[in-house]
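Student: Contents of coords.pdb (PDB, C-alpha atoms and all ligand atoms):
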```pdb
ATOM      1  CA  MET A  59     116.672 105.036 106.303
ATOM      2  CA  PRO A  60     114.897 108.003 104.718
ATOM      3  CA  LYS A  61     112.313 109.862 106.735
ATOM      4  CA  MET A  62     108.720 108.735 106.057
ATOM      5  CA  SER A  63     106.955 111.219 103.883
ATOM      6  CA  ARG A  64     103.429 111.490 102.528
ATOM      7  CA  THR A  65     104.665 113.547  99.630
ATOM      8  CA  VAL A  66     104.788 111.698  96.329
ATOM      9  CA  PRO A  67     107.838 112.602  94.281
ATOM     10  CA  GLU A  68     106.849 114.584  91.245
ATOM     11  CA  GLY A  69     106.686 112.694  87.958
ATOM     12  CA  VAL A  70     106.674 109.262  89.542
ATOM     13  CA  ARG A  71     103.614 107.146  88.804
ATOM     14  CA  PHE A  72     102.562 104.127  90.772
ATOM     15  CA  TYR A  73      99.563 101.918  90.085
ATOM     16  CA  GLY A  74      98.631  99.668  92.936
ATOM     17  CA  PRO A  75      97.979  99.740  96.632
ATOM     18  CA  LYS A  76     100.301 102.330  98.083
ATOM     19  CA  SER A  77      99.016 102.940 101.588
ATOM     20  CA  ILE A  78      98.467 100.714 104.595
ATOM     21  CA  CYS A  79      95.664 101.372 107.068
ATOM     22  CA  THR A  80      96.017 101.024 110.821
ATOM     23  CA  CYS A  81      93.927  97.839 110.417
ATOM     24  CA  GLY A  82      96.704  96.346 108.316
ATOM     25  CA  HIS A  83      94.860  96.344 104.984
ATOM     26  CA  THR A  84      95.617  98.397 101.924
ATOM     27  CA  GLY A  85      93.802 101.581 101.062
ATOM     28  CA  ASP A  86      94.096 104.805  99.119
ATOM     29  CA  GLY A  87      93.708 104.284  95.399
ATOM     30  CA  THR A  88      93.538 101.278  93.082
ATOM     31  CA  ILE A  89      93.369  97.725  94.462
ATOM     32  CA  SER A  90      92.330  99.178  97.784
ATOM     33  CA  GLN A  91      90.827  96.892 100.408
ATOM     34  CA  HIS A  92      88.758  99.828 101.624
ATOM     35  CA  HIS A  93      85.602 101.202 100.052
ATOM     36  CA  SER A  94      85.818 104.530  98.294
ATOM     37  CA  SER A  95      84.508 107.621 100.005
ATOM     38  CA  PRO A  96      82.762 110.301  97.920
ATOM     39  CA  PHE A  97      85.938 112.339  97.966
ATOM     40  CA  ALA A  98      88.798 109.880  97.969
ATOM     41  CA  PRO A  99      89.166 106.380  96.508
ATOM     42  CA  GLY A 100      89.767 103.648  99.045
ATOM     43  CA  HIS A 101      89.319 105.900 102.057
ATOM     44  CA  ASP A 102      86.102 104.570 103.582
ATOM     45  CA  GLU A 103      85.401 101.408 105.579
ATOM     46  CA  CYS A 104      87.386  98.220 105.130
ATOM     47  CA  LYS A 105      86.067  95.550 102.736
ATOM     48  CA  VAL A 106      87.888  92.665 104.367
ATOM     49  CA  LYS A 107      85.550  90.199 106.078
ATOM     50  CA  ASP A 108      85.537  90.434 109.872
ATOM     51  CA  CYS A 109      87.619  93.605 109.865
ATOM     52  CA  VAL A 110      86.082  96.191 112.178
ATOM     53  CA  CYS A 111      87.790  99.138 110.516
ATOM     54  CA  VAL A 112      85.220 101.829 109.616
ATOM     55  CA  LYS A 113      87.477 104.395 108.016
ATOM     56  CA  PHE A 114      90.845 104.257 106.343
ATOM     57  CA  THR A 115      93.533 105.700 108.578
ATOM     58  CA  TRP A 116      96.957 106.085 107.038
ATOM     59  CA  LYS A 117      99.666 104.161 108.824
ATOM     60  CA  GLY A 118     102.397 103.809 106.224
ATOM     61  CA  TRP A 119     103.299 102.894 102.682
ATOM     62  CA  THR A 120     103.177  99.418 101.197
ATOM     63  CA  LYS A 121     106.477  97.683 100.507
ATOM     64  CA  GLU A 122     105.803  97.841  96.754
ATOM     65  CA  TYR A 123     105.217 101.560  96.863
ATOM     66  CA  LYS A 124     108.319 102.237  98.909
ATOM     67  CA  GLU A 125     110.369 100.175  96.482
ATOM     68  CA  ARG A 126     108.918 102.067  93.525
ATOM     69  CA  MET A 127     109.654 105.387  95.167
ATOM     70  CA  GLY A 128     113.156 104.332  96.068
ATOM     71  CA  LEU A 129     112.463 104.643  99.794
ATOM     72  CA  ILE A 130     113.901 101.247 100.584
TER
HETATM   73 ZN    ZN A 201      90.835  96.223 107.430
HETATM   74 ZN    ZN A 202      91.289  99.967 107.630
END
```
Mind turning this structure into structure tokens?

Tutor:
Amino acid sequence: MPKMSRTVPEGVRFYGPKSICTCGHTGDGTISQHHSSPFAPGHDECKVKDCVCVKFTWKGWTKEYKERMGLI
């Protein structure tokens, strides 16, 4: 099992939700379940109804992203 890394391998593109918030919803980039902050897409409060999350906090990568990056 490779060590978790926040560094995206150079030259590899991924379009889709790549990060999971501590609330369990996706964030960080396209198809994010979090609102965009002025500085980073998908990094503000959660859009999911009844979720109390007020700010995206990185917890890990989505399964799809890890597969794309060859992490799993
Ligand atoms: Zn949430
Ligand atoms: Zn969240």

Student: Given the file above and the PyMOL selection byres (((not hetatm)) within 8 of (chain A and resi 201)), which residues are selected, and can you give them as a PyMOL selection string?

Tutor: chain A and resi 79-84+91-92+103-106+109-111

Student: Which residues come within 12 Å of Lys121 (chain A), counting all atoms listed in the file, excluding same-chain residues fewer than 5 positions away, as a ChimeraX atom specification?

Tutor: /A:74-78,84,126-130

Student: Taking C-alpha atoms for each residue, export the selection above as an mmCIF file, in the frame of the given file.

Tutor:
```cif
data_model
loop_
_atom_site.group_PDB
_atom_site.id
_atom_site.type_symbol
_atom_site.label_atom_id
_atom_site.label_comp_id
_atom_site.auth_asym_id
_atom_site.auth_seq_id
_atom_site.Cartn_x
_atom_site.Cartn_y
_atom_site.Cartn_z
ATOM 1 C CA GLY A 74 98.631 99.668 92.936
ATOM 2 C CA PRO A 75 97.979 99.740 96.632
ATOM 3 C CA LYS A 76 100.301 102.330 98.083
ATOM 4 C CA SER A 77 99.016 102.940 101.588
ATOM 5 C CA ILE A 78 98.467 100.714 104.595
ATOM 6 C CA THR A 84 95.617 98.397 101.924
ATOM 7 C CA ARG A 126 108.918 102.067 93.525
ATOM 8 C CA MET A 127 109.654 105.387 95.167
ATOM 9 C CA GLY A 128 113.156 104.332 96.068
ATOM 10 C CA LEU A 129 112.463 104.643 99.794
ATOM 11 C CA ILE A 130 113.901 101.247 100.584
#
```

Student: May I ask which of the residues A:Glu125, A:Gly69, A:Gly118, A:Lys113 is the closest one to His93 (chain A), counting only C-alpha atoms?

Tutor: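 Smallest distance to His93 (chain A) is found for A:Lys113.
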
Student: CA of Gly87 (chain A) and CA of Trp116 (chain A), how far apart in Å?

Tutor: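 Separating CA of Trp116 (chain A) from CA of Gly87 (chain A) is a distance of 12.2 Å.
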
Student: What is the distance between CA of Glu122 (chain A) and atom ZN of ligand ZN 202 (chain A), in Å to one decimal?

Tutor: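 Computing the Euclidean distance for CA of Glu122 (chain A) and atom ZN of ligand ZN 202 (chain A) yields 18.3 Å.
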
Student: Which is closest to ligand ZN 202 (chain A) among A:Phe72, A:Phe97, A:Gly85, A:Trp119, if we use all atoms listed in the file?

Tutor: A:Gly85

Student: Between CA of Thr115 (chain A) and CA of Thr88 (chain A), measure the distance and give it in Å to one decimal.

Tutor: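 Between these atoms lies a distance of 16.1 Å.
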
Student: Reconstruct N, CA and C atoms of region 75-109 of chain A; output as a PDB file, in the frame of the given file.

Tutor:
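As written to disk, part-v8.pdb reads:
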```pdb
ATOM      1  N   PRO A  75      98.210  99.294  95.261  1.00  0.00           N
ATOM      2  CA  PRO A  75      97.979  99.740  96.632  1.00  0.00           C
ATOM      3  C   PRO A  75      99.229 100.405  97.179  1.00  0.00           C
ATOM      4  N   LYS A  76      99.103 101.625  97.623  1.00  0.00           N
ATOM      5  CA  LYS A  76     100.301 102.330  98.083  1.00  0.00           C
ATOM      6  C   LYS A  76     100.272 102.637  99.575  1.00  0.00           C
ATOM      7  N   SER A  77      99.088 102.602 100.172  1.00  0.00           N
ATOM      8  CA  SER A  77      99.016 102.940 101.588  1.00  0.00           C
ATOM      9  C   SER A  77      98.463 101.793 102.428  1.00  0.00           C
ATOM     10  N   ILE A  78      98.929 101.716 103.642  1.00  0.00           N
ATOM     11  CA  ILE A  78      98.467 100.714 104.595  1.00  0.00           C
ATOM     12  C   ILE A  78      97.666 101.427 105.681  1.00  0.00           C
ATOM     13  N   CYS A  79      96.527 100.834 106.021  1.00  0.00           N
ATOM     14  CA  CYS A  79      95.664 101.372 107.068  1.00  0.00           C
ATOM     15  C   CYS A  79      96.135 100.856 108.429  1.00  0.00           C
ATOM     16  N   THR A  80      95.674 101.493 109.479  1.00  0.00           N
ATOM     17  CA  THR A  80      96.017 101.024 110.821  1.00  0.00           C
ATOM     18  C   THR A  80      95.474  99.615 111.076  1.00  0.00           C
ATOM     19  N   CYS A  81      94.472  99.189 110.271  1.00  0.00           N
ATOM     20  CA  CYS A  81      93.927  97.839 110.417  1.00  0.00           C
ATOM     21  C   CYS A  81      94.799  96.802 109.723  1.00  0.00           C
ATOM     22  N   GLY A  82      95.781  97.260 108.963  1.00  0.00           N
ATOM     23  CA  GLY A  82      96.704  96.346 108.316  1.00  0.00           C
ATOM     24  C   GLY A  82      96.368  96.025 106.873  1.00  0.00           C
ATOM     25  N   HIS A  83      95.254  96.590 106.364  1.00  0.00           N
ATOM     26  CA  HIS A  83      94.860  96.344 104.984  1.00  0.00           C
ATOM     27  C   HIS A  83      95.186  97.560 104.121  1.00  0.00           C
ATOM     28  N   THR A  84      95.232  97.307 102.815  1.00  0.00           N
ATOM     29  CA  THR A  84      95.617  98.397 101.924  1.00  0.00           C
ATOM     30  C   THR A  84      94.463  99.371 101.687  1.00  0.00           C
ATOM     31  N   GLY A  85      94.803 100.570 101.357  1.00  0.00           N
ATOM     32  CA  GLY A  85      93.802 101.581 101.062  1.00  0.00           C
ATOM     33  C   GLY A  85      94.388 102.648 100.164  1.00  0.00           C
ATOM     34  N   ASP A  86      93.591 103.660  99.852  1.00  0.00           N
ATOM     35  CA  ASP A  86      94.096 104.805  99.119  1.00  0.00           C
ATOM     36  C   ASP A  86      94.435 104.471  97.676  1.00  0.00           C
ATOM     37  N   GLY A  87      93.446 104.463  96.815  1.00  0.00           N
ATOM     38  CA  GLY A  87      93.708 104.284  95.399  1.00  0.00           C
ATOM     39  C   GLY A  87      93.303 102.923  94.870  1.00  0.00           C
ATOM     40  N   THR A  88      93.904 102.525  93.737  1.00  0.00           N
ATOM     41  CA  THR A  88      93.538 101.278  93.082  1.00  0.00           C
ATOM     42  C   THR A  88      93.931 100.070  93.927  1.00  0.00           C
ATOM     43  N   ILE A  89      93.174  98.988  93.737  1.00  0.00           N
ATOM     44  CA  ILE A  89      93.369  97.725  94.462  1.00  0.00           C
ATOM     45  C   ILE A  89      93.320  97.971  95.980  1.00  0.00           C
ATOM     46  N   SER A  90      92.484  98.902  96.372  1.00  0.00           N
ATOM     47  CA  SER A  90      92.330  99.178  97.784  1.00  0.00           C
ATOM     48  C   SER A  90      91.415  98.158  98.430  1.00  0.00           C
ATOM     49  N   GLN A  91      91.703  97.796  99.659  1.00  0.00           N
ATOM     50  CA  GLN A  91      90.827  96.892 100.408  1.00  0.00           C
ATOM     51  C   GLN A  91      89.796  97.685 101.199  1.00  0.00           C
ATOM     52  N   HIS A  92      89.746  98.983 100.975  1.00  0.00           N
ATOM     53  CA  HIS A  92      88.758  99.828 101.624  1.00  0.00           C
ATOM     54  C   HIS A  92      87.800 100.381 100.569  1.00  0.00           C
ATOM     55  N   HIS A  93      86.564 100.611 100.969  1.00  0.00           N
ATOM     56  CA  HIS A  93      85.602 101.202 100.052  1.00  0.00           C
ATOM     57  C   HIS A  93      86.013 102.644  99.755  1.00  0.00           C
ATOM     58  N   SER A  94      85.517 103.154  98.644  1.00  0.00           N
ATOM     59  CA  SER A  94      85.818 104.530  98.294  1.00  0.00           C
ATOM     60  C   SER A  94      84.855 105.473  98.989  1.00  0.00           C
ATOM     61  N   SER A  95      85.356 106.578  99.453  1.00  0.00           N
ATOM     62  CA  SER A  95      84.508 107.621 100.005  1.00  0.00           C
ATOM     63  C   SER A  95      84.142 108.534  98.844  1.00  0.00           C
ATOM     64  N   PRO A  96      83.153 109.416  99.028  1.00  0.00           N
ATOM     65  CA  PRO A  96      82.762 110.301  97.920  1.00  0.00           C
ATOM     66  C   PRO A  96      83.911 111.201  97.463  1.00  0.00           C
ATOM     67  N   PHE A  97      84.878 111.390  98.289  1.00  0.00           N
ATOM     68  CA  PHE A  97      85.938 112.339  97.966  1.00  0.00           C
ATOM     69  C   PHE A  97      87.286 111.707  97.672  1.00  0.00           C
ATOM     70  N   ALA A  98      87.485 110.502  98.167  1.00  0.00           N
ATOM     71  CA  ALA A  98      88.798 109.880  97.969  1.00  0.00           C
ATOM     72  C   ALA A  98      88.659 108.374  97.783  1.00  0.00           C
ATOM     73  N   PRO A  99      89.266 107.822  96.733  1.00  0.00           N
ATOM     74  CA  PRO A  99      89.166 106.380  96.508  1.00  0.00           C
ATOM     75  C   PRO A  99      89.864 105.585  97.607  1.00  0.00           C
ATOM     76  N   GLY A 100      89.146 104.536  98.061  1.00  0.00           N
ATOM     77  CA  GLY A 100      89.767 103.648  99.045  1.00  0.00           C
ATOM     78  C   GLY A 100      89.961 104.260 100.413  1.00  0.00           C
ATOM     79  N   HIS A 101      89.129 105.230 100.766  1.00  0.00           N
ATOM     80  CA  HIS A 101      89.319 105.900 102.057  1.00  0.00           C
ATOM     81  C   HIS A 101      88.178 105.661 103.047  1.00  0.00           C
ATOM     82  N   ASP A 102      87.218 104.792 102.672  1.00  0.00           N
ATOM     83  CA  ASP A 102      86.102 104.570 103.582  1.00  0.00           C
ATOM     84  C   ASP A 102      86.307 103.263 104.362  1.00  0.00           C
ATOM     85  N   GLU A 103      85.227 102.579 104.728  1.00  0.00           N
ATOM     86  CA  GLU A 103      85.401 101.408 105.579  1.00  0.00           C
ATOM     87  C   GLU A 103      86.083 100.242 104.863  1.00  0.00           C
ATOM     88  N   CYS A 104      86.630  99.356 105.651  1.00  0.00           N
ATOM     89  CA  CYS A 104      87.386  98.220 105.130  1.00  0.00           C
ATOM     90  C   CYS A 104      86.449  97.171 104.532  1.00  0.00           C
ATOM     91  N   LYS A 105      86.870  96.567 103.411  1.00  0.00           N
ATOM     92  CA  LYS A 105      86.067  95.550 102.736  1.00  0.00           C
ATOM     93  C   LYS A 105      86.365  94.155 103.250  1.00  0.00           C
ATOM     94  N   VAL A 106      87.463  93.998 103.953  1.00  0.00           N
ATOM     95  CA  VAL A 106      87.888  92.665 104.367  1.00  0.00           C
ATOM     96  C   VAL A 106      86.938  92.102 105.421  1.00  0.00           C
ATOM     97  N   LYS A 107      86.496  90.861 105.190  1.00  0.00           N
ATOM     98  CA  LYS A 107      85.550  90.199 106.078  1.00  0.00           C
ATOM     99  C   LYS A 107      86.091  90.169 107.514  1.00  0.00           C
ATOM    100  N   ASP A 108      85.220  90.462 108.446  1.00  0.00           N
ATOM    101  CA  ASP A 108      85.537  90.434 109.872  1.00  0.00           C
ATOM    102  C   ASP A 108      86.440  91.577 110.342  1.00  0.00           C
ATOM    103  N   CYS A 109      86.822  92.459 109.445  1.00  0.00           N
ATOM    104  CA  CYS A 109      87.619  93.605 109.865  1.00  0.00           C
ATOM    105  C   CYS A 109      86.666  94.674 110.392  1.00  0.00           C
TER     106      CYS A 109
END
```
